[in-house]
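Colleague: Structure: upload22.cif, mmCIF, C-alpha atoms.
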data_model
loop_
_atom_site.label_atom_id
_atom_site.label_comp_id
_atom_site.auth_asym_id
_atom_site.auth_seq_id
_atom_site.Cartn_x
_atom_site.Cartn_y
_atom_site.Cartn_z
CA MET O 1438 -98.81 -62.19 78.98
CA LYS O 1439 -101.06 -62.64 75.98
CA PHE O 1440 -99.06 -60.07 74.05
CA VAL O 1441 -95.79 -61.76 74.92
CA GLY O 1442 -97.12 -65.12 73.75
CA PHE O 1443 -98.45 -63.60 70.52
CA GLY O 1444 -95.07 -61.98 69.76
CA ALA O 1445 -93.28 -65.26 70.31
CA LEU O 1446 -95.66 -66.92 67.85
CA LEU O 1447 -94.94 -64.30 65.13
CA LEU O 1448 -91.19 -64.70 65.63
CA SER O 1449 -91.50 -68.46 65.19
CA LEU O 1450 -93.52 -68.05 61.95
CA PHE O 1451 -90.90 -65.59 60.54
CA PHE O 1452 -88.12 -68.09 61.25
CA VAL O 1453 -89.99 -70.93 59.52
CA ILE O 1454 -90.72 -68.79 56.40
CA GLY O 1455 -87.05 -67.72 56.17
CA CYS O 1456 -85.83 -71.28 56.17
CA GLY O 1457 -88.34 -72.24 53.49
CA SER O 1458 -86.80 -69.79 50.96
CA LYS O 1459 -83.73 -72.01 50.59
CA ASN O 1460 -83.50 -74.53 47.73
CA VAL O 1461 -82.82 -78.19 48.27
CA ASP O 1462 -80.59 -80.02 45.77
CA SER O 1463 -80.58 -83.73 45.03
CA SER O 1464 -78.19 -84.40 47.89
CA GLY O 1465 -80.52 -82.80 50.40
CA SER O 1466 -78.32 -79.74 51.01
CA THR O 1467 -79.70 -76.26 50.68
CA SER O 1468 -78.32 -73.32 48.67
CA LYS O 1469 -79.45 -69.80 47.88
CA SER O 1470 -81.03 -69.01 44.45
CA THR O 1471 -78.58 -67.60 41.90
CA THR O 1472 -79.34 -64.28 40.13
CA GLU O 1473 -77.69 -62.49 37.13
CA LYS O 1474 -75.66 -60.37 39.51
CA ASP O 1475 -74.15 -63.52 40.98
CA GLN O 1476 -72.95 -64.84 37.57
CA ALA O 1477 -69.32 -64.44 36.55
CA PRO O 1478 -68.83 -61.73 33.88
CA GLU O 1479 -68.10 -62.84 30.29
CA GLU O 1480 -64.41 -62.63 29.48
CA THR O 1481 -62.58 -62.40 26.18
CA THR O 1482 -59.20 -64.08 26.25
CA ILE O 1483 -56.47 -64.82 23.74
CA LYS O 1484 -55.22 -68.39 23.65
CA ASP O 1485 -52.58 -69.59 21.18
CA GLY O 1486 -53.26 -66.56 19.02
CA ASN O 1487 -57.06 -67.19 18.87
CA PHE O 1488 -59.79 -65.04 20.35
CA GLU O 1489 -62.04 -66.98 22.73
CA VAL O 1490 -65.14 -65.87 24.58
CA ASN O 1491 -65.13 -67.82 27.87
CA GLY O 1492 -62.86 -70.29 26.06
CA GLY O 1493 -65.20 -71.05 23.15
CA LEU O 1494 -66.92 -69.94 19.90
CA ASP O 1495 -70.23 -68.22 19.21
CA VAL O 1496 -73.45 -70.01 18.30
CA ASN O 1497 -72.43 -70.18 14.64
CA GLY O 1498 -69.11 -71.85 15.44
CA ASN O 1499 -67.18 -68.70 14.56
CA ALA O 1500 -64.60 -66.88 16.59
CA PRO O 1501 -65.23 -63.20 17.37
CA ASP O 1502 -64.66 -60.44 14.78
CA GLY O 1503 -65.36 -62.71 11.82
CA GLY O 1504 -62.55 -65.18 12.49
CA SER O 1505 -62.88 -68.94 12.21
CA ALA O 1506 -62.12 -71.78 14.54
CA ASP O 1507 -58.99 -72.88 12.68
CA SER O 1508 -57.84 -69.59 11.22
CA GLY O 1509 -55.00 -69.08 13.67
CA GLU O 1510 -53.86 -65.50 13.79
CA GLY O 1511 -55.72 -64.73 10.57
CA ASP O 1512 -55.83 -66.40 7.21
CA ASP O 1513 -53.36 -64.33 5.16
CA SER O 1514 -52.72 -67.01 2.53
CA ASN O 1515 -54.56 -64.90 -0.05
CA ALA O 1516 -52.47 -61.87 0.87
CA ASN O 1517 -49.31 -63.94 0.50
CA ALA O 1518 -50.46 -65.23 -2.88
CA SER O 1519 -51.25 -61.69 -3.96
CA ASN O 1520 -47.83 -60.45 -2.87
CA GLU O 1521 -46.12 -63.31 -4.70
CA GLY O 1522 -48.13 -62.46 -7.80
CA GLU O 1523 -47.08 -58.84 -7.59
CA GLU O 1524 -43.44 -59.86 -7.20
CA ASN O 1525 -43.70 -62.16 -10.21
CA SER O 1526 -45.39 -59.38 -12.19
CA ASP O 1527 -42.54 -57.03 -11.34
CA GLU O 1528 -39.99 -59.62 -12.42
CA MET O 1529 -41.81 -60.18 -15.70
CA ALA O 1530 -42.13 -56.46 -16.33
CA THR O 1531 -38.40 -55.85 -15.85
CA THR O 1532 -37.24 -58.86 -17.86
CA PRO O 1533 -35.88 -57.57 -21.21
CA THR O 1534 -37.38 -59.06 -24.35
CA ASP O 1535 -35.42 -60.26 -27.36
CA ASP O 1536 -38.01 -59.30 -29.96
CA ASP O 1537 -36.84 -57.72 -33.20
CA GLY O 1538 -39.54 -55.06 -33.29
CA VAL O 1539 -41.74 -54.49 -36.31
CA ALA O 1540 -41.03 -56.72 -39.30
CA LEU O 1541 -40.03 -54.43 -42.18
CA ASP O 1542 -39.52 -54.94 -45.91
CA SER O 1543 -37.87 -51.54 -46.31
CA LEU O 1544 -36.30 -48.94 -44.06
CA ALA O 1545 -38.98 -47.05 -42.11
CA THR O 1546 -39.18 -43.37 -41.17
CA ILE O 1547 -39.07 -42.44 -37.48
CA TYR O 1548 -41.54 -39.72 -36.43
CA PHE O 1549 -41.31 -37.20 -33.58
CA ASN O 1550 -43.59 -35.11 -31.42
CA PHE O 1551 -43.80 -31.34 -31.88
CA ASP O 1552 -40.52 -29.61 -30.96
CA LYS O 1553 -39.06 -32.89 -29.63
CA TYR O 1554 -36.16 -35.09 -30.68
CA ASP O 1555 -36.44 -38.03 -28.25
CA ILE O 1556 -37.60 -41.37 -29.67
CA ARG O 1557 -41.31 -41.88 -29.01
CA ASP O 1558 -42.44 -45.11 -27.35
CA ASP O 1559 -44.50 -46.09 -30.39
CA MET O 1560 -41.41 -45.67 -32.60
CA LYS O 1561 -39.05 -47.89 -30.60
CA ASP O 1562 -40.21 -51.10 -32.28
CA TYR O 1563 -39.61 -49.44 -35.65
CA VAL O 1564 -36.05 -48.63 -34.58
CA LYS O 1565 -35.58 -52.33 -33.75
CA GLY O 1566 -37.15 -53.35 -37.05
CA ASN O 1567 -34.83 -51.03 -38.98
CA ALA O 1568 -31.80 -52.40 -37.14
CA LYS O 1569 -32.75 -55.99 -37.96
CA LEU O 1570 -33.34 -55.13 -41.62
CA ILE O 1571 -29.96 -53.39 -41.86
CA LYS O 1572 -28.27 -56.48 -40.40
CA ASP O 1573 -30.22 -58.96 -42.53
CA LYS O 1574 -29.49 -57.08 -45.75
CA ASP O 1575 -25.92 -56.39 -44.69
CA ILE O 1576 -26.30 -52.68 -45.45
CA LYS O 1577 -22.93 -50.97 -45.07
CA SER O 1578 -23.78 -47.27 -44.97
CA ILE O 1579 -26.82 -45.24 -43.88
CA VAL O 1580 -27.70 -41.54 -44.14
CA LEU O 1581 -30.07 -40.23 -41.45
CA GLN O 1582 -32.00 -37.18 -42.67
CA GLY O 1583 -33.58 -35.02 -39.96
CA ASN O 1584 -36.66 -32.91 -40.82
CA THR O 1585 -39.08 -30.52 -39.08
CA ASP O 1586 -42.42 -28.82 -39.63
CA GLU O 1587 -42.58 -25.17 -40.72
CA PHE O 1588 -42.91 -23.58 -37.28
CA GLY O 1589 -39.96 -21.62 -35.89
CA SER O 1590 -36.92 -19.98 -37.41
CA ASP O 1591 -34.83 -21.66 -40.07
CA GLU O 1592 -31.80 -21.73 -37.78
CA TYR O 1593 -33.77 -23.36 -34.98
CA ASN O 1594 -35.28 -26.00 -37.26
CA MET O 1595 -31.95 -26.89 -38.82
CA ALA O 1596 -30.57 -27.57 -35.34
CA LEU O 1597 -33.69 -29.54 -34.37
CA GLY O 1598 -33.46 -31.66 -37.52
CA GLN O 1599 -29.86 -32.52 -36.69
CA LYS O 1600 -30.83 -33.56 -33.16
CA ARG O 1601 -33.51 -35.85 -34.57
CA ALA O 1602 -31.03 -37.49 -36.93
CA LEU O 1603 -28.55 -38.02 -34.08
CA ALA O 1604 -31.27 -39.47 -31.83
CA VAL O 1605 -32.08 -42.14 -34.41
CA ARG O 1606 -28.39 -42.89 -34.92
CA ASP O 1607 -27.85 -43.41 -31.20
CA ALA O 1608 -30.93 -45.64 -30.97
CA LEU O 1609 -29.68 -47.81 -33.84
CA VAL O 1610 -26.22 -48.06 -32.28
CA LEU O 1611 -27.89 -49.40 -29.13
CA GLN O 1612 -29.26 -52.20 -31.31
CA GLY O 1613 -25.71 -53.33 -32.07
CA LEU O 1614 -24.91 -51.40 -35.26
CA PRO O 1615 -21.54 -49.64 -35.64
CA LYS O 1616 -21.66 -45.89 -35.16
CA ASN O 1617 -19.32 -45.18 -38.05
CA MET O 1618 -21.76 -46.60 -40.61
CA PHE O 1619 -24.09 -43.61 -40.13
CA LYS O 1620 -23.98 -40.12 -41.54
CA THR O 1621 -26.40 -37.43 -40.37
CA ILE O 1622 -27.83 -34.40 -42.15
CA SER O 1623 -30.55 -31.88 -41.35
CA TYR O 1624 -32.95 -30.47 -43.91
CA GLY O 1625 -34.98 -28.48 -41.37
CA THR O 1626 -38.15 -27.27 -43.07
CA HIS O 1627 -36.76 -27.60 -46.60
CA LYS O 1628 -37.78 -31.14 -47.50
CA PRO O 1629 -41.42 -31.59 -46.47
CA VAL O 1630 -43.32 -34.69 -47.55
CA CYS O 1631 -46.64 -32.89 -47.03
CA LYS O 1632 -47.51 -29.23 -47.64
CA ASP O 1633 -51.10 -29.04 -46.40
CA LYS O 1634 -51.79 -26.72 -43.48
CA THR O 1635 -53.18 -29.44 -41.21
CA PRO O 1636 -51.99 -31.07 -37.97
CA GLU O 1637 -51.78 -34.43 -39.75
CA CYS O 1638 -49.54 -32.97 -42.43
CA TYR O 1639 -47.28 -31.20 -39.95
CA ALA O 1640 -46.88 -34.49 -38.04
CA LYS O 1641 -45.62 -36.24 -41.19
CA ASN O 1642 -42.86 -33.65 -41.57
CA ARG O 1643 -41.49 -34.11 -38.03
CA ARG O 1644 -39.32 -37.08 -38.90
CA THR O 1645 -35.97 -38.72 -39.61
CA ASP O 1646 -35.68 -40.62 -42.87
CA ILE O 1647 -33.35 -43.64 -42.93
CA VAL O 1648 -31.75 -43.95 -46.35
CA GLU O 1649 -29.24 -46.50 -47.59
CA SER O 1650 -26.15 -44.82 -48.97
CA LYS O 1651 -24.94 -46.27 -52.28
#
Output the structure of this file as structure tokens.
Modeller:
Amino acid sequence: MKFVGFGALLLSLFFVIGCGSKNVDSSGSTSKSTTEKDQAPEETTIKDGNFEVNGGLDVNGNAPDGGSADSGEGDDSNANASNEGEENSDEMATTPTDDDGVALDSLATIYFNFDKYDIRDDMKDYVKGNAKLIKDKDIKSIVLQGNTDEFGSDEYNMALGQKRALAVRDALVLQGLPKNMFKTISYGTHKPVCKDKTPECYAKNRRTDIVESK
């Protein structure tokens, strides 16, 4: 009987201790203690195009991934401004200019690269300048004299000199001058302005002279 009474006493103590582990809130009701495992997991949601962590911002007031509270779907105003600038740059680059090229007091020679007869970029303003001078002085007739350096056969250089003269004629016609006011002739290697055996001298001979015809 003593053992039965002792066991009943232990059971009563266990029951009292178990009830004491509950918490009592201000209303007098009891609830179990909350642990990390009982907390709801953090969620990332998208609302109106904004990232929100549990519906809010971080401790610095910023949205996740470097966004901002009022940035919407991303602040691309700078990108738009950049694109507009590029479009404007393209429009400016393709807008033709009305400049008259280099201001000239006399007709200027047009120079060419080795074995070439196309007008070089650095010579295009001189073509414009020549055209303006011809118009301003009301010159009626022009002879275009094509020349070459000494390299290559005589036959080849005569043909190359003619191509250089024709290239200048066509460029001047594009500036609004009548085609029939020009005559072309090739001197090939036979009328050098420089006879030194240097690259600088050879470059001076690769040319078309623009001469007023009296």
Colleague: Could you please determine the separation between CA of Asn1594 (chain O) and CA of Lys1628 (chain O) in Å, to one decimal place?
Modeller: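 Spanning CA of Asn1594 (chain O) to CA of Lys1628 (chain O) is a straight-line distance of 11.7 Å.
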Colleague: Can you give me, as a list in words, the residues this file yields under the PyMOL selection byres ((chain O and resi 1649) around 10)?
Modeller: Leu1544, Ile1571, Ile1576, Lys1577, Ser1578, Ile1579, Val1580, Leu1581, Phe1619, Asp1646, Ile1647, Val1648, Ser1650 and Lys1651 of chain O
Colleague: Excluding same-chain residues fewer than 6 positions from Arg1557 (chain O), what lies within 10 Å of it counting only C-alpha atoms, as a PyMOL selection string?
Modeller: chain O and resi 1547-1550
Colleague: Filtering to C-alpha atoms, could you give me those residues as an mmCIF file, keeping the file's coordinate frame?
Modeller:
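Final file, part_26.cif:
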data_model
loop_
_atom_site.group_PDB
_atom_site.id
_atom_site.type_symbol
_atom_site.label_atom_id
_atom_site.label_comp_id
_atom_site.auth_asym_id
_atom_site.auth_seq_id
_atom_site.Cartn_x
_atom_site.Cartn_y
_atom_site.Cartn_z
ATOM 1 C CA ILE O 1547 -39.070 -42.440 -37.480
ATOM 2 C CA TYR O 1548 -41.540 -39.720 -36.430
ATOM 3 C CA PHE O 1549 -41.310 -37.200 -33.580
ATOM 4 C CA ASN O 1550 -43.590 -35.110 -31.420
#
Colleague: Rounded to one decimal place, report the CA of Gly1538 (chain O)-CA of Ala1608 (chain O) distance in Å.
Modeller: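 CA of Gly1538 (chain O) sits 13.0 Å away from CA of Ala1608 (chain O).
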Colleague: Once the PyMOL selection byres ((chain O and resi 1555) around 12) is applied to the coordinates I shared, what remains selected? I want it as a PyMOL selection string.
Modeller: chain O and resi 1547-1554+1556-1561+1597-1598+1600-1608+1643-1645
Colleague: Applying 12 Å and all atoms listed in the file, which residues near Lys1572 (chain O) remain after dropping the ones on its own chain fewer than 5 positions away? List them as a PyMOL selection string.
Modeller: chain O and resi 1537+1544+1565-1567+1577-1579+1609-1610+1612-1615+1618
Colleague: Which is closer to Thr1546 (chain O) than all the others in O:Asp1575, O:Lys1634, O:Gln1582, O:Thr1626, using all atoms listed in the file?
Modeller: O:Gln1582
